[in-house]
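In what follows, a single structure is set out as C-alpha cells and then discussed.
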Amino acid sequence: MKYKWALVPLAALVAVGLYVGNVLATPAGGQSTTTLGKALAVPPVALFGHAKQPGGGWRARVHTHGFSDLYVIDNTFTPGGTTGWHSHAGPSLIFVVAGQITNYLGDDPNCTPHVYSAGQSFTDAGGSDVHMLRNNGTVNAETIAVQFLPKDAVRRIDEPDPLNCHF
C-alpha cells in the first residue's frame, strides 16, 4: 500500500496525455458525412479480376484476412470545408463526384496539394497514412468512399496536425 501514492502522478500523466491528444486533433469543418451502406464481409474477401486488352493484360486484386467491415461513405464539403487530419484502419477508394477536392498527406514535408476533380478517383492506403481532404474551390464538392476495414475497427481516427501545411 505504500506505493499507491506513486500511482497518482502516473494517473495524472495519462490524463494529461489523453487531454492533449484530444486538443491536438484537427476536427472536420464545413464537411458532412453520410454512411450509405455498411456490411460485414465473411473472410476472406478475395477479388480477382482480369481482362484481355490489346497490347497487354489488365489485372486487379484485393484480398483480406479475417472479418471485414465494408463501408460506402458520402462526404460533402462546402467551400473551405475540410475533413481535418485523420487516418483509417484500412484502405479506401475515393471517387470525386462533384466539384474538386484536394488531398494533403501528413508525411509530405512540402504539403503538396493533390487536386482531384469530378470524375476522378484516388486511393488512401490507410494504416499509418495520415491525410486531410479540403475543398479549396468556390462550389460544393462531394466524394464517395468505399472503405475496407477490420471488423469493428473505428472508421475514422482523428490525428494531430502534422505541422507540414500552413493554412
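All residue names refer to the C-alpha cells as shown: chains lettered A, B, ... in order, residues numbered from 1 in each chain, ligands numbered from 1 in order.
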### Message
Applying 6 Å and only C-alpha atoms, which residues near stretch 129-145 of chain A remain after dropping the ones on its own chain fewer than 5 positions away? List them as a ChimeraX atom specification.
### Response
/A:72-87,93-106
### Query
stretch 3-167 of chain A: which residues are alpha helix (DSSP H) by DSSP, as number ranges by chain?
A: 7-24
### Task
Would you return as number ranges by chain the members of stretch 60-158 of chain A that DSSP assigns to strand (DSSP E) on this structure's backbone?
A: 60-63, 68-82, 86-87, 92-98, 100-105, 114-117, 121-124, 131-134, 141-150, 157-158
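Here the question is which of A:Ala118, A:Leu70, A:Val45, A:Cys165 gets nearest to A:Gly90 using only C-alpha atoms, and that residue is A:Leu70.
As for atom CA of A:Arg61 and atom CA of A:Ala125, they are spaced 14.4 Å apart.
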#### Entry: A:His166 surroundings by only C-alpha atoms, 12 Å radius, close-in-sequence under 4 positions cut, as a list of chain:residue names
A:Tyr104, A:Pro109, A:Asn110, A:Cys111, A:Thr112, A:Asp161, A:Pro162
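Between A:Val146 and the candidates A:Gly66, A:Phe48, A:His88, A:Trp58, the tightest atom-to-atom separation, counting only C-alpha atoms, involves A:His88.
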### Summary
Correct to one decimal, the distance atom CA of A:Gly37-atom CA of A:Phe148 is 12.2 Å
### Query
Of the candidates A:Ser92, A:Leu24, A:Gly29, A:Ser68, which shows the shortest atom-to-atom distance to A:Pro44, using only C-alpha atoms?
A:Ser68
